[in-house]
>>> print(open('input-v8.txt').read())   # compact mmCIF, N, CA and C atoms
# COMPACT_ATOMS: atom_id res chain seq x y z
N MET G 41 2.90 12.51 -9.69
CA MET G 41 1.66 11.78 -9.64
C MET G 41 1.65 10.92 -8.38
N ALA G 42 0.60 11.03 -7.60
CA ALA G 42 0.42 10.17 -6.43
C ALA G 42 -0.56 9.07 -6.78
N VAL G 43 -0.26 7.87 -6.33
CA VAL G 43 -1.14 6.73 -6.54
C VAL G 43 -1.59 6.28 -5.16
N ASN G 44 -2.88 6.41 -4.90
CA ASN G 44 -3.46 6.06 -3.61
C ASN G 44 -4.20 4.74 -3.73
N TYR G 45 -3.84 3.80 -2.88
CA TYR G 45 -4.49 2.48 -2.88
C TYR G 45 -5.47 2.44 -1.71
N ILE G 46 -6.75 2.15 -2.02
CA ILE G 46 -7.77 2.03 -0.98
C ILE G 46 -8.49 0.69 -1.15
N CYS G 47 -9.00 0.19 -0.04
CA CYS G 47 -9.75 -1.06 -0.08
C CYS G 47 -11.12 -0.80 -0.69
N ARG G 48 -11.49 -1.60 -1.65
CA ARG G 48 -12.77 -1.42 -2.32
C ARG G 48 -13.95 -1.76 -1.41
N HIS G 49 -13.73 -2.49 -0.33
CA HIS G 49 -14.83 -2.89 0.54
C HIS G 49 -14.97 -1.99 1.76
N CYS G 50 -13.89 -1.78 2.51
CA CYS G 50 -13.97 -1.01 3.76
C CYS G 50 -13.46 0.42 3.61
N ARG G 51 -12.92 0.77 2.43
CA ARG G 51 -12.42 2.11 2.13
C ARG G 51 -11.20 2.52 2.97
N THR G 52 -10.51 1.56 3.57
CA THR G 52 -9.30 1.84 4.32
C THR G 52 -8.17 2.18 3.36
N GLU G 53 -7.36 3.17 3.72
CA GLU G 53 -6.21 3.50 2.90
C GLU G 53 -5.15 2.42 3.11
N VAL G 54 -4.76 1.77 2.02
CA VAL G 54 -3.79 0.69 2.09
C VAL G 54 -2.37 1.24 1.93
N GLY G 55 -2.21 2.26 1.11
CA GLY G 55 -0.90 2.85 0.92
C GLY G 55 -0.91 3.90 -0.17
N THR G 56 0.19 4.62 -0.29
CA THR G 56 0.33 5.67 -1.29
C THR G 56 1.73 5.62 -1.88
N LEU G 57 1.80 5.78 -3.19
CA LEU G 57 3.07 5.94 -3.88
C LEU G 57 3.09 7.35 -4.45
N ASP G 58 4.14 8.09 -4.20
CA ASP G 58 4.23 9.45 -4.71
C ASP G 58 5.59 9.62 -5.35
N ASN G 59 5.61 9.51 -6.66
CA ASN G 59 6.88 9.55 -7.38
C ASN G 59 6.59 10.04 -8.79
N GLU G 60 7.33 11.03 -9.22
CA GLU G 60 7.13 11.58 -10.56
C GLU G 60 7.53 10.60 -11.66
N GLU G 61 8.31 9.58 -11.33
CA GLU G 61 8.77 8.62 -12.33
C GLU G 61 7.79 7.46 -12.53
N LEU G 62 6.70 7.45 -11.77
CA LEU G 62 5.71 6.37 -11.92
C LEU G 62 4.98 6.52 -13.24
N THR G 63 4.82 5.40 -13.91
CA THR G 63 4.03 5.38 -15.14
C THR G 63 3.04 4.23 -15.03
N GLU G 64 2.02 4.27 -15.86
CA GLU G 64 1.04 3.19 -15.85
C GLU G 64 1.69 1.86 -16.20
N ALA G 65 2.67 1.89 -17.08
CA ALA G 65 3.36 0.65 -17.45
C ALA G 65 4.16 0.10 -16.27
N ARG G 66 4.83 0.97 -15.52
CA ARG G 66 5.61 0.51 -14.37
C ARG G 66 4.71 -0.05 -13.27
N LEU G 67 3.48 0.47 -13.19
CA LEU G 67 2.53 -0.02 -12.19
C LEU G 67 1.77 -1.24 -12.67
N GLY G 68 1.90 -1.58 -13.94
CA GLY G 68 1.24 -2.76 -14.48
C GLY G 68 -0.18 -2.53 -14.94
N PHE G 69 -0.61 -1.26 -15.00
CA PHE G 69 -1.97 -0.96 -15.41
C PHE G 69 -2.24 -1.37 -16.86
N HIS G 70 -1.21 -1.40 -17.68
CA HIS G 70 -1.40 -1.74 -19.09
C HIS G 70 -1.84 -3.19 -19.30
N PHE G 71 -1.73 -4.03 -18.26
CA PHE G 71 -2.18 -5.41 -18.37
C PHE G 71 -3.68 -5.54 -18.17
N LEU G 72 -4.32 -4.50 -17.67
CA LEU G 72 -5.76 -4.54 -17.38
C LEU G 72 -6.58 -4.31 -18.64
N THR G 73 -7.73 -4.94 -18.69
CA THR G 73 -8.67 -4.69 -19.79
C THR G 73 -9.33 -3.34 -19.54
N PRO G 74 -9.95 -2.75 -20.55
CA PRO G 74 -10.65 -1.47 -20.32
C PRO G 74 -11.72 -1.57 -19.23
N GLU G 75 -12.41 -2.69 -19.14
CA GLU G 75 -13.42 -2.87 -18.11
C GLU G 75 -12.79 -2.93 -16.72
N GLU G 76 -11.67 -3.64 -16.60
CA GLU G 76 -10.96 -3.72 -15.32
C GLU G 76 -10.44 -2.35 -14.92
N ARG G 77 -9.90 -1.62 -15.88
CA ARG G 77 -9.36 -0.29 -15.59
C ARG G 77 -10.45 0.63 -15.05
N SER G 78 -11.62 0.61 -15.68
CA SER G 78 -12.69 1.51 -15.22
C SER G 78 -13.22 1.10 -13.85
N ASP G 79 -13.13 -0.18 -13.52
CA ASP G 79 -13.59 -0.67 -12.22
C ASP G 79 -12.57 -0.43 -11.11
N ILE G 80 -11.30 -0.47 -11.44
CA ILE G 80 -10.23 -0.43 -10.44
C ILE G 80 -9.58 0.93 -10.28
N ILE G 81 -9.45 1.70 -11.36
CA ILE G 81 -8.65 2.92 -11.35
C ILE G 81 -9.53 4.15 -11.55
N ALA G 82 -9.28 5.18 -10.74
CA ALA G 82 -9.97 6.46 -10.89
C ALA G 82 -8.93 7.57 -10.91
N TYR G 83 -9.12 8.54 -11.77
CA TYR G 83 -8.21 9.68 -11.90
C TYR G 83 -8.91 10.93 -11.40
N ASN G 84 -8.18 11.82 -10.72
CA ASN G 84 -8.79 13.07 -10.31
C ASN G 84 -8.17 14.23 -11.08
N ALA G 85 -8.73 15.42 -10.89
CA ALA G 85 -8.32 16.60 -11.66
C ALA G 85 -6.86 16.98 -11.44
N SER G 86 -6.31 16.69 -10.28
CA SER G 86 -4.92 17.07 -10.00
C SER G 86 -3.91 16.08 -10.58
N GLY G 87 -4.39 15.01 -11.21
CA GLY G 87 -3.50 14.02 -11.80
C GLY G 87 -3.21 12.84 -10.92
N ASP G 88 -3.74 12.84 -9.71
CA ASP G 88 -3.54 11.71 -8.81
C ASP G 88 -4.45 10.55 -9.22
N VAL G 89 -4.07 9.38 -8.80
CA VAL G 89 -4.78 8.16 -9.18
C VAL G 89 -5.22 7.44 -7.91
N THR G 90 -6.44 6.91 -7.92
CA THR G 90 -6.91 6.06 -6.83
C THR G 90 -7.13 4.67 -7.39
N VAL G 91 -6.54 3.68 -6.73
CA VAL G 91 -6.63 2.29 -7.17
C VAL G 91 -7.37 1.51 -6.10
N LYS G 92 -8.44 0.84 -6.50
CA LYS G 92 -9.21 0.02 -5.56
C LYS G 92 -8.61 -1.37 -5.50
N VAL G 93 -8.24 -1.79 -4.30
CA VAL G 93 -7.69 -3.12 -4.04
C VAL G 93 -8.48 -3.74 -2.89
N VAL G 94 -8.09 -4.91 -2.44
CA VAL G 94 -8.73 -5.53 -1.28
C VAL G 94 -7.67 -5.66 -0.19
N CYS G 95 -7.97 -5.06 0.98
CA CYS G 95 -7.01 -5.11 2.09
C CYS G 95 -6.97 -6.52 2.68
N GLU G 96 -5.98 -6.77 3.50
CA GLU G 96 -5.79 -8.09 4.09
C GLU G 96 -6.98 -8.50 4.97
N TYR G 97 -7.49 -7.56 5.76
CA TYR G 97 -8.62 -7.85 6.63
C TYR G 97 -9.84 -8.30 5.81
N CYS G 98 -10.16 -7.56 4.76
CA CYS G 98 -11.32 -7.90 3.94
C CYS G 98 -11.09 -9.20 3.17
N ARG G 99 -9.87 -9.41 2.70
CA ARG G 99 -9.57 -10.66 1.99
C ARG G 99 -9.81 -11.85 2.90
N GLU G 100 -9.32 -11.77 4.14
CA GLU G 100 -9.51 -12.87 5.08
C GLU G 100 -10.99 -13.07 5.40
N ALA G 101 -11.72 -11.97 5.58
CA ALA G 101 -13.15 -12.06 5.89
C ALA G 101 -13.92 -12.68 4.73
N LEU G 102 -13.56 -12.30 3.52
CA LEU G 102 -14.25 -12.84 2.34
C LEU G 102 -13.89 -14.31 2.09
N GLU G 103 -12.66 -14.67 2.38
CA GLU G 103 -12.28 -16.08 2.24
C GLU G 103 -13.02 -16.94 3.25
N ALA G 104 -13.20 -16.43 4.46
CA ALA G 104 -13.90 -17.19 5.50
C ALA G 104 -15.41 -17.19 5.30
N ASN G 105 -15.93 -16.17 4.62
CA ASN G 105 -17.38 -16.02 4.42
C ASN G 105 -17.65 -15.61 2.98
N PRO G 106 -17.50 -16.51 2.01
CA PRO G 106 -17.65 -16.13 0.60
C PRO G 106 -19.04 -15.59 0.25
N GLU G 107 -20.04 -15.90 1.06
CA GLU G 107 -21.38 -15.40 0.77
C GLU G 107 -21.44 -13.87 0.88
N LEU G 108 -20.47 -13.26 1.55
CA LEU G 108 -20.43 -11.80 1.65
C LEU G 108 -20.24 -11.13 0.29
N LEU G 109 -19.70 -11.86 -0.67
CA LEU G 109 -19.52 -11.32 -2.01
C LEU G 109 -20.86 -11.04 -2.70
N LEU G 110 -21.93 -11.62 -2.21
CA LEU G 110 -23.24 -11.39 -2.78
C LEU G 110 -23.87 -10.07 -2.32
N VAL G 111 -23.30 -9.47 -1.28
CA VAL G 111 -23.81 -8.22 -0.74
C VAL G 111 -23.02 -7.06 -1.36
N GLU G 112 -23.70 -5.96 -1.68
CA GLU G 112 -23.04 -4.84 -2.36
C GLU G 112 -21.90 -4.25 -1.56
N SER G 113 -22.09 -3.98 -0.28
CA SER G 113 -21.04 -3.43 0.59
C SER G 113 -20.92 -4.32 1.83
N PRO G 114 -20.27 -5.46 1.69
CA PRO G 114 -20.29 -6.46 2.75
C PRO G 114 -19.57 -6.10 4.03
N LEU G 115 -18.56 -5.26 3.98
CA LEU G 115 -17.70 -5.06 5.15
C LEU G 115 -17.67 -3.61 5.62
N GLN G 116 -18.74 -2.90 5.40
CA GLN G 116 -18.78 -1.50 5.86
C GLN G 116 -19.62 -1.38 7.07
>>> encode(input="input-v8.txt", output="structure tokens")
Amino acid sequence: MAVNYICRHCRTEVGTLDNEELTEARLGFHFLTPEERSDIIAYNASGDVTVKVVCEYCREALEANPELLLVESPLQ
């Protein structure tokens, strides 16, 4: 199973984990509520997982300009 991390705002690939020993519990997904899981995690037909996170660039931009959170796609 590959776990691909992408930025939810700019869609930049943040990183990938590819290990057959990865489980949702080891990744901490079991701590998420069902609503958080559906917002953050997507599964594809091949069994790979995409996790939406916020990259460092977008985090810094949002911290400096919090009003950008009011826009649907602020950093694209």
>>> atom_distance(input="input-v8.txt", atom1="atom CA of G:His70", atom2="atom CA of G:Val94")
19.6 Å
>>> residues_around(input="input-v8.txt", residues="stretch 86-93 of chain G", least_positions_apart="2", cutoff="6.5 Å", atoms="only N, CA and C atoms", output="PyMOL selection string")
chain G and resi 41-49+79-84+95
>>> axis_aligned_box(input="input-v8.txt", around="stretch 45-50 of chain G", padding_each_side="5 Å", output="lines of an AutoDock Vina configuration file")
center_x = -9.4
center_y = 0.5
center_z = 0.4
size_x = 21.1
size_y = 16.7
size_z = 16.6
>>> select_by_dssp(input="input-v8.txt", residues="chain G", states="strand (DSSP E)", output="compact mmCIF listing (two decimals) with N, CA and C atoms, in the coordinates of the input")
# COMPACT_ATOMS: atom_id res chain seq x y z
N ALA G 42 0.60 11.03 -7.60
CA ALA G 42 0.42 10.17 -6.43
C ALA G 42 -0.56 9.07 -6.78
N VAL G 43 -0.26 7.87 -6.33
CA VAL G 43 -1.14 6.73 -6.54
C VAL G 43 -1.59 6.28 -5.16
N ASN G 44 -2.88 6.41 -4.90
CA ASN G 44 -3.46 6.06 -3.61
C ASN G 44 -4.20 4.74 -3.73
N TYR G 45 -3.84 3.80 -2.88
CA TYR G 45 -4.49 2.48 -2.88
C TYR G 45 -5.47 2.44 -1.71
N ILE G 46 -6.75 2.15 -2.02
CA ILE G 46 -7.77 2.03 -0.98
C ILE G 46 -8.49 0.69 -1.15
N CYS G 47 -9.00 0.19 -0.04
CA CYS G 47 -9.75 -1.06 -0.08
C CYS G 47 -11.12 -0.80 -0.69
N GLU G 53 -7.36 3.17 3.72
CA GLU G 53 -6.21 3.50 2.90
C GLU G 53 -5.15 2.42 3.11
N VAL G 54 -4.76 1.77 2.02
CA VAL G 54 -3.79 0.69 2.09
C VAL G 54 -2.37 1.24 1.93
N GLY G 55 -2.21 2.26 1.11
CA GLY G 55 -0.90 2.85 0.92
C GLY G 55 -0.91 3.90 -0.17
N THR G 56 0.19 4.62 -0.29
CA THR G 56 0.33 5.67 -1.29
C THR G 56 1.73 5.62 -1.88
N LEU G 57 1.80 5.78 -3.19
CA LEU G 57 3.07 5.94 -3.88
C LEU G 57 3.09 7.35 -4.45
N ASP G 58 4.14 8.09 -4.20
CA ASP G 58 4.23 9.45 -4.71
C ASP G 58 5.59 9.62 -5.35
N ILE G 81 -9.45 1.70 -11.36
CA ILE G 81 -8.65 2.92 -11.35
C ILE G 81 -9.53 4.15 -11.55
N ALA G 82 -9.28 5.18 -10.74
CA ALA G 82 -9.97 6.46 -10.89
C ALA G 82 -8.93 7.57 -10.91
N TYR G 83 -9.12 8.54 -11.77
CA TYR G 83 -8.21 9.68 -11.90
C TYR G 83 -8.91 10.93 -11.40
N VAL G 89 -4.07 9.38 -8.80
CA VAL G 89 -4.78 8.16 -9.18
C VAL G 89 -5.22 7.44 -7.91
N THR G 90 -6.44 6.91 -7.92
CA THR G 90 -6.91 6.06 -6.83
C THR G 90 -7.13 4.67 -7.39
N VAL G 91 -6.54 3.68 -6.73
CA VAL G 91 -6.63 2.29 -7.17
C VAL G 91 -7.37 1.51 -6.10
N LYS G 92 -8.44 0.84 -6.50
CA LYS G 92 -9.21 0.02 -5.56
C LYS G 92 -8.61 -1.37 -5.50
N VAL G 93 -8.24 -1.79 -4.30
CA VAL G 93 -7.69 -3.12 -4.04
C VAL G 93 -8.48 -3.74 -2.89
>>> atom_distance(input="input-v8.txt", atom1="atom N of G:Arg51", atom2="atom CA of G:Glu103")
16.9 Å
>>> atom_distance(input="input-v8.txt", atom1="atom CA of G:Glu53", atom2="atom C of G:Arg99")
15.8 Å
>>> select_by_dssp(input="input-v8.txt", residues="stretch 47-115 of chain G", states="alpha helix (DSSP H)", output="NGL selection string")
:G and (64-67 or 74-80 or 96-104)
